[in-house]
Amino acid sequence: MSPAQCRMARAALLLGVREVSRLADVSTNTITRFEKGEELKPRTIAAIRAALEAAGVEFINGTGVKLG
């Protein structure tokens, strides 16, 4: 999942940074840092991705997202 895909997924789900941070059990600063392109630990990105997927997003070929 790229930072752009994270932003797209949040937009598709109509979720703010606070909601995603709560779902992924990470801080809001972590979500913001990731979306700005800062490097995070792979397990943190995996937690964010899993939360977005559980909320109904599918990640497409490393380039986009769609609602499942």
# chains A, B, ... in the order shown; residues from 1 in each chain; ligands from 1

call {"tool": "residues_around", "arguments": {"residues": "Arg10 of chain A", "least_positions_apart": "2", "cutoff": "10 Å", "atoms": "only C-alpha atoms", "output": "count of residues only"}}
result
17

call {"tool": "select_by_dssp", "arguments": {"residues": "chain A", "states": "helix (DSSP H, G or I)", "output": "MDAnalysis selection string"}}
result
chainID A and resid 3:13 17:24 28:35 42:54

call {"tool": "write_last_selection", "arguments": {"atoms": "N, CA, C and O atoms", "output": "compact mmCIF listing (two decimals), in the first residue's frame"}}
result
# COMPACT_ATOMS: atom_id res chain seq x y z
N PRO A 3 1.35 5.54 0.14
CA PRO A 3 0.69 6.65 0.83
C PRO A 3 -0.52 7.18 0.06
O PRO A 3 -1.56 7.49 0.65
N ALA A 4 -0.41 7.26 -1.28
CA ALA A 4 -1.53 7.74 -2.09
C ALA A 4 -2.72 6.79 -1.98
O ALA A 4 -3.87 7.24 -1.88
N GLN A 5 -2.46 5.49 -1.97
CA GLN A 5 -3.55 4.53 -1.82
C GLN A 5 -4.23 4.66 -0.46
O GLN A 5 -5.43 4.49 -0.34
N CYS A 6 -3.45 4.96 0.55
CA CYS A 6 -4.02 5.16 1.89
C CYS A 6 -4.99 6.34 1.86
O CYS A 6 -6.11 6.25 2.37
N ARG A 7 -4.57 7.43 1.25
CA ARG A 7 -5.45 8.61 1.13
C ARG A 7 -6.70 8.28 0.32
O ARG A 7 -7.81 8.68 0.69
N MET A 8 -6.51 7.55 -0.80
CA MET A 8 -7.66 7.17 -1.63
C MET A 8 -8.64 6.29 -0.86
O MET A 8 -9.85 6.45 -0.97
N ALA A 9 -8.08 5.35 -0.10
CA ALA A 9 -8.93 4.43 0.67
C ALA A 9 -9.73 5.20 1.71
O ALA A 9 -10.93 4.96 1.88
N ARG A 10 -9.09 6.13 2.41
CA ARG A 10 -9.81 6.93 3.40
C ARG A 10 -10.92 7.72 2.75
O ARG A 10 -12.04 7.80 3.26
N ALA A 11 -10.63 8.31 1.58
CA ALA A 11 -11.63 9.10 0.87
C ALA A 11 -12.80 8.22 0.43
O ALA A 11 -13.97 8.61 0.58
N ALA A 12 -12.50 7.04 -0.10
CA ALA A 12 -13.56 6.14 -0.56
C ALA A 12 -14.47 5.71 0.60
O ALA A 12 -15.67 5.54 0.42
N LEU A 13 -13.87 5.53 1.76
CA LEU A 13 -14.63 5.09 2.93
C LEU A 13 -15.22 6.25 3.73
O LEU A 13 -15.93 6.03 4.72
N VAL A 17 -8.57 10.79 9.45
CA VAL A 17 -7.35 10.24 10.03
C VAL A 17 -7.65 9.63 11.41
O VAL A 17 -7.14 8.56 11.74
N ARG A 18 -8.46 10.30 12.19
CA ARG A 18 -8.78 9.78 13.54
C ARG A 18 -9.45 8.43 13.49
O ARG A 18 -9.13 7.53 14.28
N GLU A 19 -10.41 8.27 12.57
CA GLU A 19 -11.11 6.99 12.47
C GLU A 19 -10.17 5.87 12.05
O GLU A 19 -10.20 4.78 12.63
N VAL A 20 -9.33 6.14 11.07
CA VAL A 20 -8.40 5.10 10.61
C VAL A 20 -7.38 4.78 11.70
O VAL A 20 -7.05 3.61 11.92
N SER A 21 -6.91 5.79 12.40
CA SER A 21 -5.94 5.52 13.47
C SER A 21 -6.56 4.65 14.55
O SER A 21 -5.91 3.75 15.08
N ARG A 22 -7.83 4.89 14.84
CA ARG A 22 -8.52 4.07 15.85
C ARG A 22 -8.68 2.63 15.35
O ARG A 22 -8.41 1.67 16.08
N LEU A 23 -9.09 2.47 14.10
CA LEU A 23 -9.28 1.14 13.53
C LEU A 23 -7.98 0.35 13.45
O LEU A 23 -7.97 -0.87 13.65
N ALA A 24 -6.88 1.04 13.14
CA ALA A 24 -5.58 0.38 12.98
C ALA A 24 -4.79 0.31 14.28
O ALA A 24 -3.73 -0.30 14.33
N THR A 28 -2.73 9.09 15.32
CA THR A 28 -3.10 9.92 14.17
C THR A 28 -1.84 10.45 13.48
O THR A 28 -1.81 10.56 12.26
N ASN A 29 -0.81 10.76 14.26
CA ASN A 29 0.45 11.23 13.67
C ASN A 29 1.07 10.18 12.76
O ASN A 29 1.69 10.53 11.75
N THR A 30 0.89 8.92 13.10
CA THR A 30 1.44 7.84 12.27
C THR A 30 0.76 7.83 10.91
O THR A 30 1.43 7.71 9.88
N ILE A 31 -0.56 7.96 10.89
CA ILE A 31 -1.29 7.99 9.62
C ILE A 31 -0.84 9.19 8.80
O ILE A 31 -0.54 9.07 7.60
N THR A 32 -0.77 10.35 9.43
CA THR A 32 -0.37 11.58 8.74
C THR A 32 1.05 11.46 8.19
O THR A 32 1.31 11.83 7.03
N ARG A 33 1.96 10.93 8.99
CA ARG A 33 3.34 10.76 8.53
C ARG A 33 3.41 9.83 7.33
O ARG A 33 4.12 10.10 6.35
N PHE A 34 2.67 8.73 7.39
CA PHE A 34 2.67 7.78 6.28
C PHE A 34 2.13 8.43 5.01
O PHE A 34 2.72 8.31 3.93
N GLU A 35 1.02 9.15 5.13
CA GLU A 35 0.41 9.77 3.95
C GLU A 35 1.28 10.89 3.37
O GLU A 35 1.14 11.22 2.20
N PRO A 42 7.23 -1.92 8.47
CA PRO A 42 6.30 -2.74 7.66
C PRO A 42 5.08 -3.23 8.45
O PRO A 42 3.97 -3.26 7.92
N ARG A 43 5.25 -3.57 9.70
CA ARG A 43 4.10 -4.06 10.48
C ARG A 43 3.09 -2.96 10.74
O ARG A 43 1.90 -3.22 10.86
N THR A 44 3.54 -1.71 10.81
CA THR A 44 2.62 -0.59 11.00
C THR A 44 1.81 -0.36 9.73
O THR A 44 0.59 -0.18 9.79
N ILE A 45 2.48 -0.41 8.59
CA ILE A 45 1.76 -0.28 7.31
C ILE A 45 0.77 -1.43 7.16
O ILE A 45 -0.36 -1.22 6.71
N ALA A 46 1.17 -2.63 7.55
CA ALA A 46 0.28 -3.79 7.46
C ALA A 46 -0.96 -3.60 8.34
O ALA A 46 -2.06 -3.98 7.94
N ALA A 47 -0.79 -3.00 9.51
CA ALA A 47 -1.94 -2.77 10.39
C ALA A 47 -2.90 -1.75 9.79
O ALA A 47 -4.13 -1.93 9.86
N ILE A 48 -2.36 -0.72 9.18
CA ILE A 48 -3.21 0.29 8.53
C ILE A 48 -3.95 -0.34 7.36
O ILE A 48 -5.16 -0.17 7.20
N ARG A 49 -3.21 -1.08 6.55
CA ARG A 49 -3.83 -1.73 5.39
C ARG A 49 -4.93 -2.70 5.82
O ARG A 49 -6.02 -2.72 5.25
N ALA A 50 -4.66 -3.51 6.83
CA ALA A 50 -5.65 -4.47 7.31
C ALA A 50 -6.91 -3.77 7.81
O ALA A 50 -8.03 -4.24 7.56
N ALA A 51 -6.74 -2.65 8.48
CA ALA A 51 -7.89 -1.89 8.97
C ALA A 51 -8.72 -1.36 7.81
O ALA A 51 -9.96 -1.43 7.84
N LEU A 52 -8.07 -0.85 6.79
CA LEU A 52 -8.79 -0.33 5.63
C LEU A 52 -9.47 -1.45 4.84
O LEU A 52 -10.61 -1.29 4.39
N GLU A 53 -8.81 -2.58 4.73
CA GLU A 53 -9.42 -3.73 4.05
C GLU A 53 -10.63 -4.24 4.83
O GLU A 53 -11.67 -4.57 4.24
N ALA A 54 -10.51 -4.29 6.16
CA ALA A 54 -11.63 -4.74 6.99
C ALA A 54 -12.82 -3.79 6.87
O ALA A 54 -13.97 -4.21 7.01

call {"tool": "atom_distance", "arguments": {"atom1": "atom CA of Leu67 of chain A", "atom2": "atom CA of Met1 of chain A"}}
result
15.0 Å

call {"tool": "select_by_dssp", "arguments": {"residues": "chain A", "states": "strand (DSSP E)", "output": "JSON, numbers by chain"}}
result
{"A": [57, 58, 59, 60, 64, 65, 66, 67]}

call {"tool": "write_last_selection", "arguments": {"atoms": "N, CA and C atoms", "output": "mmCIF file, in the first residue's frame"}}
result
data_model
loop_
_atom_site.group_PDB
_atom_site.id
_atom_site.type_symbol
_atom_site.label_atom_id
_atom_site.label_comp_id
_atom_site.auth_asym_id
_atom_site.auth_seq_id
_atom_site.Cartn_x
_atom_site.Cartn_y
_atom_site.Cartn_z
ATOM 1 N N VAL A 57 -12.228 -1.830 1.707
ATOM 2 C CA VAL A 57 -11.437 -1.393 0.559
ATOM 3 C C VAL A 57 -10.615 -2.557 0.021
ATOM 4 N N GLU A 58 -10.497 -2.610 -1.312
ATOM 5 C CA GLU A 58 -9.577 -3.545 -1.960
ATOM 6 C C GLU A 58 -8.491 -2.721 -2.628
ATOM 7 N N PHE A 59 -7.257 -3.145 -2.469
ATOM 8 C CA PHE A 59 -6.133 -2.455 -3.093
ATOM 9 C C PHE A 59 -5.846 -3.114 -4.441
ATOM 10 N N ILE A 60 -5.687 -2.281 -5.479
ATOM 11 C CA ILE A 60 -5.569 -2.765 -6.853
ATOM 12 C C ILE A 60 -4.161 -2.534 -7.381
ATOM 13 N N GLY A 64 -4.231 1.685 -7.155
ATOM 14 C CA GLY A 64 -5.533 2.260 -6.819
ATOM 15 C C GLY A 64 -6.242 1.475 -5.748
ATOM 16 N N VAL A 65 -7.495 1.844 -5.547
ATOM 17 C CA VAL A 65 -8.342 1.165 -4.577
ATOM 18 C C VAL A 65 -9.757 1.071 -5.138
ATOM 19 N N LYS A 66 -10.524 0.136 -4.607
ATOM 20 C CA LYS A 66 -11.937 0.084 -4.919
ATOM 21 C C LYS A 66 -12.678 -0.435 -3.703
ATOM 22 N N LEU A 67 -13.946 -0.078 -3.616
ATOM 23 C CA LEU A 67 -14.762 -0.596 -2.528
ATOM 24 C C LEU A 67 -15.189 -1.994 -2.875
#
